[in-house]
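Asker: Here it is, the structure, as structure tokens.
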Amino acid sequence: MLDYIDLRYKPGKNDVVTEYYMEPNRISFEKACNHVAGESSIGTWTAVHTMNPSIAKKLRPSVFDINKKTKEIKIAYPKELFEAGNMPEILSSIAGNIFGMKAVNNLRLQDISFPKSIVKSFKGPRYGVKGIRKLLKVKNRPLVGTIVKPKVGLNEKQHAKTAYEAWVGGLDVVKDDENLSSMKFNKFNKRIKETLKLRDKAEKETGEKKIYMANITAETFEMLKRAEYVRSLGGEYIMLDILTCGWSGLQTVRDKITHVIHAHRAMHGALTRNPKHGISMMTIAKCSRLIGVDQLHIGTAHVGKMEGSAGEVQDIEEKMHQKKSKQNTPFHSLSQDWYGIKPVLSVASGGLHPGMIPTLIDRMGTNIVAQFGGGCHGHPDGTRAGAIAIRQAVDAKLSGISQKEYAKTHPELAKTLKIWH
């Protein structure tokens, strides 16, 4: 078995660099490092006669940093180990068999950095932050939206009416929930037709651009058919559950359609929730930006119902927005030059209500999409009033007025603050 540890090695510009949290299983830390590096590249459990010196020299990864105190290691892989433009293959290597090895009790892929050759092999977002703001004609404030609730159960006309009420109340965006596709009680084609019809009505009545994010998640060819149907009716956006439909499905959709892609992260908690094992949300976010989602759920910076600390979410947001992300941030240590790949718009969603807007903006800024489900539809006076309250809360924050003061002359916000403290 090769020794992959080289603490004198300095990663080069053509290396893929990864950071793992690792807990060995009854073996030395160094031996566990070798198992992880080997299994994710050219090695196996024993010496093999087919391994020749040229392979070992050219393709051997290097464990170049070991921190036993924090149980973190960094590995540099030659770019030749990976097929450019093939995210499934890349992740099958650095996030594949290694999670099932007996050599480790816990292993977590915390961060990744890609070289220019791999970055340039992906298309990245078609629209990104600037393209989305141009489409919606909203320059400086957060985009605000809702998810139709209940998640499933409404028929097509009820769904469309709920969307309409949210739009005329002032929201920019209405989206399907992650588990609404095409059910007996709510067929995809009919829902899209009814909802986009009322979107057009809302735009005429409000004079504002309105967006409907239709969930096309399904088998890959079916997703393409659904995206085309959305386009035929004038829909500019589609939504994908990027983890359940898979990296291949996401790449195909990005390559074949011209819609804005809203990426929902359903199932991410199965990978990201355990701080000692799995894959970090940072890694998922970086891979998603490379492939080309235009906006991505990243969490609410510990404001809403979803797990995820403020610092971690802020760190992810920074790396989704910047041209070159910095090294040694509090939660992740690998820098990334994006080489022209467009920034991704961050989406905050999960348990939000208007009273949380000041803290949300303080932590995540105004360059976000803030989405409210129950925090819109749970308003005592219904969806339209909930949407009005959300816009009022944003206006108050951007005007430097406390919500309590603003609520004195804005009854919709006042009722919200009364029921959600």
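Ordering of the structure tokens sets the chain letters (A, B, ...), residue numbers begin anew at 1 in every chain, and ligands are numbered from 1 in the order given.
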Please provide the set of residues having any atom within 10 Å of Glu405 (chain A), restricted to only C-alpha atoms, with same-chain residues fewer than 5 positions apart removed, written as a PDB file with C-alpha atoms, in the first residue's frame.

Answerer:
ATOM      1  CA  ALA A 396     -39.521  49.246   7.409  1.00  0.00           C
ATOM      2  CA  HIS A 410     -49.605  49.293   8.954  1.00  0.00           C
ATOM      3  CA  ALA A 414     -49.208  44.743  13.306  1.00  0.00           C
TER       4      ALA A 414
END

Asker: Just asking: which residues within region 107-345 of chain A are strand (DSSP E) according to DSSP, as a ChimeraX atom specification?

Answerer: /A:107-113,143-147,173-175,211-215,237-241,260-264,278-279,295-297,324-325,336-337,345

Asker: Which residues are close to Ile298 (chain A), i.e. within 10 Å by only C-alpha atoms, leaving aside same-chain residues fewer than 6 positions away? Reply as a PyMOL selection string.

Answerer: chain A and resi 263-265+281-282+284-285+306+308+312-314+316-317+320+345-349

Asker: Would you save the residues from that selection as a short mmCIF file (atom, residue, chain, number, x, y, z; two decimals), in the first residue's frame, using N, CA and C atoms?

Answerer:
data_model
loop_
_atom_site.label_atom_id
_atom_site.label_comp_id
_atom_site.auth_asym_id
_atom_site.auth_seq_id
_atom_site.Cartn_x
_atom_site.Cartn_y
_atom_site.Cartn_z
N ALA A 263 -32.82 26.13 -7.32
CA ALA A 263 -32.38 24.85 -6.77
C ALA A 263 -32.85 24.68 -5.33
N HIS A 264 -33.72 23.69 -5.13
CA HIS A 264 -34.14 23.32 -3.78
C HIS A 264 -33.21 22.22 -3.29
N ARG A 265 -32.89 22.25 -2.00
CA ARG A 265 -31.90 21.30 -1.47
C ARG A 265 -32.52 20.15 -0.68
N MET A 281 -22.81 21.42 3.51
CA MET A 281 -23.61 22.24 2.61
C MET A 281 -22.71 23.11 1.73
N MET A 282 -21.54 23.49 2.24
CA MET A 282 -20.59 24.26 1.44
C MET A 282 -20.19 23.49 0.19
N ILE A 284 -21.84 21.05 -1.32
CA ILE A 284 -23.00 20.97 -2.20
C ILE A 284 -23.20 22.29 -2.94
N ALA A 285 -23.03 23.40 -2.23
CA ALA A 285 -23.22 24.71 -2.84
C ALA A 285 -22.19 24.98 -3.93
N MET A 306 -34.85 25.86 10.15
CA MET A 306 -33.86 24.91 9.66
C MET A 306 -32.53 25.02 10.40
N GLY A 308 -28.53 25.14 10.94
CA GLY A 308 -27.48 25.84 10.21
C GLY A 308 -27.13 27.12 10.91
N GLU A 312 -21.95 29.78 9.43
CA GLU A 312 -21.80 28.84 8.33
C GLU A 312 -22.59 29.29 7.11
N VAL A 313 -23.83 29.72 7.32
CA VAL A 313 -24.66 30.18 6.20
C VAL A 313 -24.06 31.43 5.56
N GLN A 314 -23.55 32.34 6.38
CA GLN A 314 -22.92 33.54 5.85
C GLN A 314 -21.68 33.20 5.03
N ILE A 316 -21.16 30.37 3.36
CA ILE A 316 -21.64 29.81 2.09
C ILE A 316 -22.10 30.92 1.16
N GLU A 317 -22.84 31.87 1.70
CA GLU A 317 -23.33 32.97 0.88
C GLU A 317 -22.18 33.74 0.24
N MET A 320 -20.81 31.88 -2.65
CA MET A 320 -21.73 31.84 -3.78
C MET A 320 -21.76 33.15 -4.55
N LEU A 345 -27.60 33.43 -6.60
CA LEU A 345 -28.42 34.17 -5.64
C LEU A 345 -28.83 33.24 -4.50
N SER A 346 -28.56 33.66 -3.28
CA SER A 346 -28.87 32.84 -2.11
C SER A 346 -30.34 32.93 -1.75
N VAL A 347 -30.92 31.80 -1.37
CA VAL A 347 -32.32 31.72 -0.98
C VAL A 347 -32.41 31.36 0.49
N ALA A 348 -33.11 32.18 1.26
CA ALA A 348 -33.37 31.92 2.67
C ALA A 348 -34.82 31.48 2.81
N SER A 349 -35.03 30.29 3.33
CA SER A 349 -36.37 29.75 3.41
C SER A 349 -36.44 28.70 4.50
#

Asker: Excluding Phe372 (chain A) and any residue of its chain fewer than 5 positions from it, enumerate the residues within 7 Å of it, using only C-alpha atoms, and give them as a list in words.

Answerer: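 What passes the distance filter is Gly145, Thr146, Ile147, Ser349, Leu352 and His353 of chain A.
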
Asker: Which residue is closest to Asp395 (chain A)? Choose from A:Thr217, A:Asn140, A:Asn106, A:Ser41 and count only C-alpha atoms.

Answerer: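 Distance minimum relative to Asp395 (chain A) lands on A:Asn140.
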
Asker: When distances are computed from only C-alpha atoms, which of A:Lys197, A:Lys408, A:Lys123, A:Arg8 shows the smallest separation from Leu250 (chain A)?

Answerer: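 Nearest candidate to Leu250 (chain A) out of A:Lys197, A:Lys408, A:Lys123, A:Arg8: A:Lys123.
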
Asker: If we count only C-alpha atoms and set the cut-off at 10 Å, which residues sit around Gly374 (chain A), ignoring sequence neighbours fewer than 2 positions away in its own chain? Please answer as a list of chain:residue names.

Answerer: A:Thr146, A:Ile147, A:Val148, A:Lys149, A:Pro150, A:Gly350, A:Gly351, A:Leu352, A:His353, A:Gln371, A:Phe372, A:Cys376, A:His377, A:Gly378, A:His379, A:Thr383, A:Gly386

Asker: Excluding region 334-343 of chain A and residues on its chain fewer than 3 positions from it, collect all residues at most 10 Å away from it, counting only C-alpha atoms, and give them as a count of residues only.

Answerer: 47

Asker: Please identify which residues in region 119-240 of chain A DSSP calls alpha helix (DSSP H) from the backbone, and express them as a ChimeraX atom specification.

Answerer: /A:119,128-136,156-168,188-206,220-232

Asker: Quick one: write out the picked residues with C-alpha atoms as an mmCIF file, in the first residue's frame?

Answerer:
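Printed below is out-v5.cif as written:
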data_model
loop_
_atom_site.group_PDB
_atom_site.id
_atom_site.type_symbol
_atom_site.label_atom_id
_atom_site.label_comp_id
_atom_site.auth_asym_id
_atom_site.auth_seq_id
_atom_site.Cartn_x
_atom_site.Cartn_y
_atom_site.Cartn_z
ATOM 1 C CA VAL A 119 -14.017 25.106 -13.262
ATOM 2 C CA GLY A 128 -26.979 34.429 -11.858
ATOM 3 C CA VAL A 129 -27.619 37.346 -9.523
ATOM 4 C CA LYS A 130 -27.497 40.149 -12.110
ATOM 5 C CA GLY A 131 -29.631 38.277 -14.621
ATOM 6 C CA ILE A 132 -32.325 37.556 -12.051
ATOM 7 C CA ARG A 133 -32.471 41.150 -10.858
ATOM 8 C CA LYS A 134 -32.645 42.357 -14.442
ATOM 9 C CA LEU A 135 -35.545 39.989 -15.157
ATOM 10 C CA LEU A 136 -37.502 41.100 -12.103
ATOM 11 C CA GLU A 156 -54.867 23.319 -9.573
ATOM 12 C CA LYS A 157 -57.266 26.258 -9.326
ATOM 13 C CA GLN A 158 -56.837 26.574 -5.552
ATOM 14 C CA HIS A 159 -53.070 26.557 -6.002
ATOM 15 C CA ALA A 160 -53.251 29.259 -8.671
ATOM 16 C CA LYS A 161 -55.590 31.409 -6.570
ATOM 17 C CA THR A 162 -53.229 31.214 -3.605
ATOM 18 C CA ALA A 163 -50.354 32.279 -5.834
ATOM 19 C CA TYR A 164 -52.392 35.175 -7.181
ATOM 20 C CA GLU A 165 -53.226 36.433 -3.683
ATOM 21 C CA ALA A 166 -49.533 36.412 -2.780
ATOM 22 C CA TRP A 167 -48.540 38.278 -5.927
ATOM 23 C CA VAL A 168 -51.124 41.019 -5.626
ATOM 24 C CA PHE A 188 -48.635 19.378 -13.464
ATOM 25 C CA ASN A 189 -49.808 20.732 -16.820
ATOM 26 C CA LYS A 190 -53.091 22.068 -15.518
ATOM 27 C CA ARG A 191 -51.419 23.654 -12.490
ATOM 28 C CA ILE A 192 -48.852 25.423 -14.639
ATOM 29 C CA LYS A 193 -51.505 26.704 -17.026
ATOM 30 C CA GLU A 194 -53.812 27.997 -14.278
ATOM 31 C CA THR A 195 -51.015 29.556 -12.229
ATOM 32 C CA LEU A 196 -49.284 31.337 -15.097
ATOM 33 C CA LYS A 197 -52.650 32.686 -16.240
ATOM 34 C CA LEU A 198 -53.131 34.321 -12.836
ATOM 35 C CA ARG A 199 -49.502 35.458 -12.823
ATOM 36 C CA ASP A 200 -50.239 37.457 -15.964
ATOM 37 C CA LYS A 201 -53.322 38.914 -14.290
ATOM 38 C CA ALA A 202 -51.318 39.887 -11.207
ATOM 39 C CA GLU A 203 -48.672 41.578 -13.325
ATOM 40 C CA LYS A 204 -51.284 43.708 -15.098
ATOM 41 C CA GLU A 205 -52.913 44.703 -11.821
ATOM 42 C CA THR A 206 -49.729 45.521 -9.906
ATOM 43 C CA THR A 220 -34.654 13.401 -16.478
ATOM 44 C CA PHE A 221 -36.484 13.234 -19.814
ATOM 45 C CA GLU A 222 -39.757 14.056 -18.087
ATOM 46 C CA MET A 223 -38.109 17.110 -16.505
ATOM 47 C CA LEU A 224 -37.118 18.356 -19.940
ATOM 48 C CA LYS A 225 -40.685 17.873 -21.214
ATOM 49 C CA ARG A 226 -42.075 19.760 -18.244
ATOM 50 C CA ALA A 227 -39.580 22.585 -18.667
ATOM 51 C CA GLU A 228 -40.612 22.943 -22.306
ATOM 52 C CA TYR A 229 -44.264 23.098 -21.295
ATOM 53 C CA VAL A 230 -43.488 25.878 -18.809
ATOM 54 C CA ARG A 231 -41.621 27.773 -21.524
ATOM 55 C CA SER A 232 -44.499 27.360 -24.001
#

Asker: CA of Leu59 (chain A) and CA of Phe82 (chain A) are how many Å apart?

Answerer: 10.2 Å

Asker: For Ile242 (chain A), which residue out of A:Val174, A:Ile261, A:Ile118, A:Ala407 is the nearest one, using only C-alpha atoms?

Answerer: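 Result for the nearest residue to Ile242 (chain A): A:Ile261.
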
Asker: Could you state the separation of CA of Ala103 (chain A) and CA of Cys287 (chain A) in Å, given to one decimal place?

Answerer: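 The value is 26.9 Å.
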
Asker: Choose the residue, out of A:Val16, A:Ala95, A:Met364, A:Ile257, that has the smallest atom-to-atom separation from Ser62 (chain A); count only C-alpha atoms.

Answerer: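 Distance minimum relative to Ser62 (chain A) lands on A:Val16.
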